[in-house]
Amino acid sequence: MANDENIVRYTSAELKAMRERGESQTEWERVRAKTEEQLARDIASDPDWADIPRDWMKDAIAVMPGPKQLLSLRLDQDVVQWFRDQGPGYQTRINAVLRAFVQDQTKRRA
């Protein structure tokens, strides 16, 4: 990760203590003072929200992940290295890629 030197990690206890000391960088009073119209305008102008449909939640399904199964799996070294190079959580990402493939194949066969 290129910006590791800019990443700062805090425990939840440290964050709570910082908030109690007034060290939060979030301007909650400014946020609370916004009207619904101002919030709607802010959301509409947010580029990260641009491609999200207004009714995105109508098809949302809450999913509780099941337990993982421990297994030994042989993968090509370059494939594993690529996922590791993406940073922590590489096994979770491998699982997500495999899950997406399974879901795609399941849809195609239905």
# chains A, B, ... in the order shown; residues from 1 in each chain; ligands from 1
call {"tool": "residues_around", "arguments": {"residues": "A:Phe83", "least_positions_apart": "4", "cutoff": "8 Å", "atoms": "only C-alpha atoms", "output": "short mmCIF file (atom, residue, chain, number, x, y, z; two decimals) with all heavy atoms, in the first residue's frame"}}
result
data_model
loop_
_atom_site.label_atom_id
_atom_site.label_comp_id
_atom_site.auth_asym_id
_atom_site.auth_seq_id
_atom_site.Cartn_x
_atom_site.Cartn_y
_atom_site.Cartn_z
N VAL A 79 -0.62 -16.40 -8.26
CA VAL A 79 -1.99 -16.02 -7.89
C VAL A 79 -2.04 -15.62 -6.42
O VAL A 79 -2.56 -14.57 -6.05
CB VAL A 79 -2.99 -17.16 -8.18
CG1 VAL A 79 -4.36 -16.86 -7.60
CG2 VAL A 79 -3.07 -17.41 -9.68
N GLY A 87 -2.68 -6.60 0.19
CA GLY A 87 -2.70 -6.22 1.59
C GLY A 87 -3.44 -7.22 2.46
O GLY A 87 -3.87 -8.28 1.99
N TYR A 90 -6.24 -10.97 2.37
CA TYR A 90 -6.17 -11.59 1.04
C TYR A 90 -6.98 -12.88 0.97
O TYR A 90 -7.57 -13.18 -0.06
CB TYR A 90 -4.71 -11.81 0.62
CG TYR A 90 -4.00 -12.94 1.31
CD1 TYR A 90 -3.96 -14.21 0.75
CD2 TYR A 90 -3.36 -12.74 2.52
CE1 TYR A 90 -3.31 -15.25 1.38
CE2 TYR A 90 -2.70 -13.77 3.16
CZ TYR A 90 -2.67 -15.03 2.59
OH TYR A 90 -2.03 -16.05 3.21
N GLN A 91 -7.05 -13.64 2.07
CA GLN A 91 -7.85 -14.87 2.04
C GLN A 91 -9.34 -14.54 1.90
O GLN A 91 -10.06 -15.24 1.19
CB GLN A 91 -7.59 -15.69 3.30
CG GLN A 91 -6.19 -16.27 3.33
CD GLN A 91 -5.90 -17.01 4.62
OE1 GLN A 91 -6.51 -16.75 5.65
NE2 GLN A 91 -4.95 -17.93 4.56
N ARG A 93 -10.49 -11.95 0.33
CA ARG A 93 -10.69 -11.55 -1.07
C ARG A 93 -10.72 -12.77 -2.00
O ARG A 93 -11.50 -12.81 -2.94
CB ARG A 93 -9.62 -10.55 -1.50
CG ARG A 93 -9.89 -9.15 -0.96
CD ARG A 93 -8.96 -8.13 -1.58
NE ARG A 93 -7.57 -8.37 -1.24
CZ ARG A 93 -7.02 -8.03 -0.09
NH1 ARG A 93 -7.74 -7.44 0.84
NH2 ARG A 93 -5.74 -8.27 0.14
N ILE A 94 -9.87 -13.75 -1.73
CA ILE A 94 -9.91 -14.97 -2.54
C ILE A 94 -11.29 -15.61 -2.40
O ILE A 94 -11.90 -16.04 -3.38
CB ILE A 94 -8.79 -15.95 -2.11
CG1 ILE A 94 -7.42 -15.39 -2.50
CG2 ILE A 94 -9.00 -17.33 -2.74
CD1 ILE A 94 -6.23 -16.17 -1.94
#
call {"tool": "select_by_dssp", "arguments": {"residues": "chain A", "states": "alpha helix (DSSP H)", "output": "PyMOL selection string"}}
result
chain A and resi 12-20+28-32+36-44+77-85+90-109
call {"tool": "write_last_selection", "arguments": {"atoms": "N, CA and C atoms", "output": "short mmCIF file (atom, residue, chain, number, x, y, z; two decimals), in the first residue's frame"}}
result
data_model
loop_
_atom_site.label_atom_id
_atom_site.label_comp_id
_atom_site.auth_asym_id
_atom_site.auth_seq_id
_atom_site.Cartn_x
_atom_site.Cartn_y
_atom_site.Cartn_z
N SER A 12 -10.62 1.20 19.94
CA SER A 12 -11.90 1.86 20.22
C SER A 12 -11.82 2.67 21.51
N ALA A 13 -11.05 2.19 22.50
CA ALA A 13 -10.89 2.94 23.75
C ALA A 13 -10.16 4.26 23.50
N GLU A 14 -9.14 4.24 22.64
CA GLU A 14 -8.42 5.47 22.33
C GLU A 14 -9.32 6.46 21.61
N LEU A 15 -10.13 5.96 20.66
CA LEU A 15 -11.05 6.85 19.95
C LEU A 15 -12.08 7.46 20.89
N LYS A 16 -12.60 6.66 21.81
CA LYS A 16 -13.57 7.16 22.78
C LYS A 16 -12.95 8.26 23.64
N ALA A 17 -11.73 8.04 24.12
CA ALA A 17 -11.04 9.04 24.92
C ALA A 17 -10.78 10.31 24.13
N MET A 18 -10.43 10.18 22.86
CA MET A 18 -10.20 11.35 22.02
C MET A 18 -11.49 12.16 21.85
N ARG A 19 -12.61 11.45 21.64
CA ARG A 19 -13.89 12.15 21.50
C ARG A 19 -14.25 12.88 22.78
N GLU A 20 -14.02 12.23 23.92
CA GLU A 20 -14.33 12.85 25.21
C GLU A 20 -13.49 14.09 25.45
N TRP A 28 -19.65 17.44 14.02
CA TRP A 28 -21.01 16.93 14.23
C TRP A 28 -22.04 18.05 14.35
N GLU A 29 -21.70 19.15 14.96
CA GLU A 29 -22.66 20.24 15.09
C GLU A 29 -23.05 20.78 13.71
N ARG A 30 -22.07 20.88 12.82
CA ARG A 30 -22.36 21.33 11.45
C ARG A 30 -23.24 20.32 10.73
N VAL A 31 -22.97 19.03 10.95
CA VAL A 31 -23.78 17.99 10.32
C VAL A 31 -25.20 18.02 10.85
N ARG A 32 -25.34 18.11 12.18
CA ARG A 32 -26.68 18.14 12.79
C ARG A 32 -27.49 19.36 12.39
N GLU A 36 -32.84 18.77 5.73
CA GLU A 36 -33.00 17.61 4.85
C GLU A 36 -32.63 17.98 3.41
N GLU A 37 -33.00 19.21 2.99
CA GLU A 37 -32.68 19.65 1.63
C GLU A 37 -31.18 19.76 1.42
N GLN A 38 -30.46 20.28 2.42
CA GLN A 38 -29.02 20.39 2.31
C GLN A 38 -28.37 19.00 2.25
N LEU A 39 -28.87 18.09 3.08
CA LEU A 39 -28.34 16.73 3.06
C LEU A 39 -28.60 16.07 1.70
N ALA A 40 -29.81 16.25 1.17
CA ALA A 40 -30.14 15.68 -0.14
C ALA A 40 -29.23 16.26 -1.22
N ARG A 41 -28.95 17.56 -1.16
CA ARG A 41 -28.06 18.20 -2.13
C ARG A 41 -26.63 17.65 -1.99
N ASP A 42 -26.18 17.49 -0.74
CA ASP A 42 -24.83 16.94 -0.52
C ASP A 42 -24.72 15.53 -1.09
N ILE A 43 -25.74 14.72 -0.84
CA ILE A 43 -25.73 13.34 -1.35
C ILE A 43 -25.74 13.34 -2.87
N ALA A 44 -26.59 14.18 -3.47
CA ALA A 44 -26.70 14.23 -4.93
C ALA A 44 -25.39 14.68 -5.58
N GLN A 77 1.53 -20.05 -7.31
CA GLN A 77 2.27 -19.12 -6.47
C GLN A 77 2.01 -17.66 -6.86
N ASP A 78 1.95 -17.39 -8.17
CA ASP A 78 1.75 -16.01 -8.61
C ASP A 78 0.35 -15.51 -8.26
N VAL A 79 -0.62 -16.40 -8.26
CA VAL A 79 -1.99 -16.02 -7.89
C VAL A 79 -2.04 -15.62 -6.42
N VAL A 80 -1.45 -16.47 -5.57
CA VAL A 80 -1.43 -16.18 -4.13
C VAL A 80 -0.66 -14.88 -3.88
N GLN A 81 0.47 -14.71 -4.55
CA GLN A 81 1.27 -13.50 -4.34
C GLN A 81 0.50 -12.25 -4.74
N TRP A 82 -0.26 -12.33 -5.84
CA TRP A 82 -1.04 -11.17 -6.27
C TRP A 82 -2.04 -10.78 -5.18
N PHE A 83 -2.75 -11.75 -4.63
CA PHE A 83 -3.72 -11.43 -3.57
C PHE A 83 -3.00 -10.90 -2.33
N ARG A 84 -1.87 -11.49 -1.95
CA ARG A 84 -1.12 -11.01 -0.79
C ARG A 84 -0.64 -9.58 -1.00
N ASP A 85 -0.24 -9.27 -2.23
CA ASP A 85 0.24 -7.92 -2.52
C ASP A 85 -0.85 -6.86 -2.35
N TYR A 90 -6.24 -10.97 2.37
CA TYR A 90 -6.17 -11.59 1.04
C TYR A 90 -6.98 -12.88 0.97
N GLN A 91 -7.05 -13.64 2.07
CA GLN A 91 -7.85 -14.87 2.04
C GLN A 91 -9.34 -14.54 1.90
N THR A 92 -9.77 -13.47 2.54
CA THR A 92 -11.16 -13.03 2.41
C THR A 92 -11.45 -12.62 0.97
N ARG A 93 -10.49 -11.95 0.33
CA ARG A 93 -10.69 -11.55 -1.07
C ARG A 93 -10.72 -12.77 -2.00
N ILE A 94 -9.87 -13.75 -1.73
CA ILE A 94 -9.91 -14.97 -2.54
C ILE A 94 -11.29 -15.61 -2.40
N ASN A 95 -11.81 -15.67 -1.18
CA ASN A 95 -13.14 -16.23 -0.94
C ASN A 95 -14.19 -15.43 -1.71
N ALA A 96 -14.09 -14.10 -1.71
CA ALA A 96 -15.06 -13.25 -2.41
C ALA A 96 -15.03 -13.51 -3.92
N VAL A 97 -13.83 -13.69 -4.48
CA VAL A 97 -13.71 -13.97 -5.91
C VAL A 97 -14.35 -15.32 -6.23
N LEU A 98 -14.07 -16.31 -5.41
CA LEU A 98 -14.67 -17.63 -5.64
C LEU A 98 -16.19 -17.58 -5.48
N ARG A 99 -16.67 -16.83 -4.48
CA ARG A 99 -18.12 -16.69 -4.28
C ARG A 99 -18.78 -16.03 -5.49
N ALA A 100 -18.17 -14.97 -6.01
CA ALA A 100 -18.73 -14.29 -7.19
C ALA A 100 -18.80 -15.25 -8.37
N PHE A 101 -17.77 -16.07 -8.54
CA PHE A 101 -17.78 -17.05 -9.62
C PHE A 101 -18.92 -18.06 -9.43
N VAL A 102 -19.06 -18.57 -8.22
CA VAL A 102 -20.13 -19.54 -7.94
C VAL A 102 -21.50 -18.92 -8.20
N GLN A 103 -21.71 -17.68 -7.75
CA GLN A 103 -23.00 -17.02 -7.97
C GLN A 103 -23.27 -16.82 -9.45
N ASP A 104 -22.26 -16.43 -10.20
CA ASP A 104 -22.41 -16.24 -11.65
C ASP A 104 -22.77 -17.56 -12.32
N GLN A 105 -22.07 -18.62 -11.97
CA GLN A 105 -22.35 -19.92 -12.57
C GLN A 105 -23.73 -20.43 -12.19
N THR A 106 -24.15 -20.17 -10.96
CA THR A 106 -25.47 -20.59 -10.50
C THR A 106 -26.56 -19.86 -11.30
N LYS A 107 -26.38 -18.56 -11.55
CA LYS A 107 -27.35 -17.79 -12.34
C LYS A 107 -27.41 -18.32 -13.79
N ARG A 108 -26.25 -18.62 -14.36
CA ARG A 108 -26.20 -19.09 -15.74
C ARG A 108 -26.91 -20.44 -15.92
N ARG A 109 -26.85 -21.26 -14.90
CA ARG A 109 -27.44 -22.60 -14.99
C ARG A 109 -28.91 -22.64 -14.60
#
call {"tool": "atom_distance", "arguments": {"atom1": "atom CA of A:Thr26", "atom2": "atom CA of A:Glu5"}}
result
21.9 Å
call {"tool": "atom_distance", "arguments": {"atom1": "atom CA of A:Gln69", "atom2": "atom CA of A:Gln86"}}
result
22.9 Å
call {"tool": "atom_distance", "arguments": {"atom1": "atom CA of A:Trp49", "atom2": "atom CA of A:Glu27"}}
result
21.0 Å
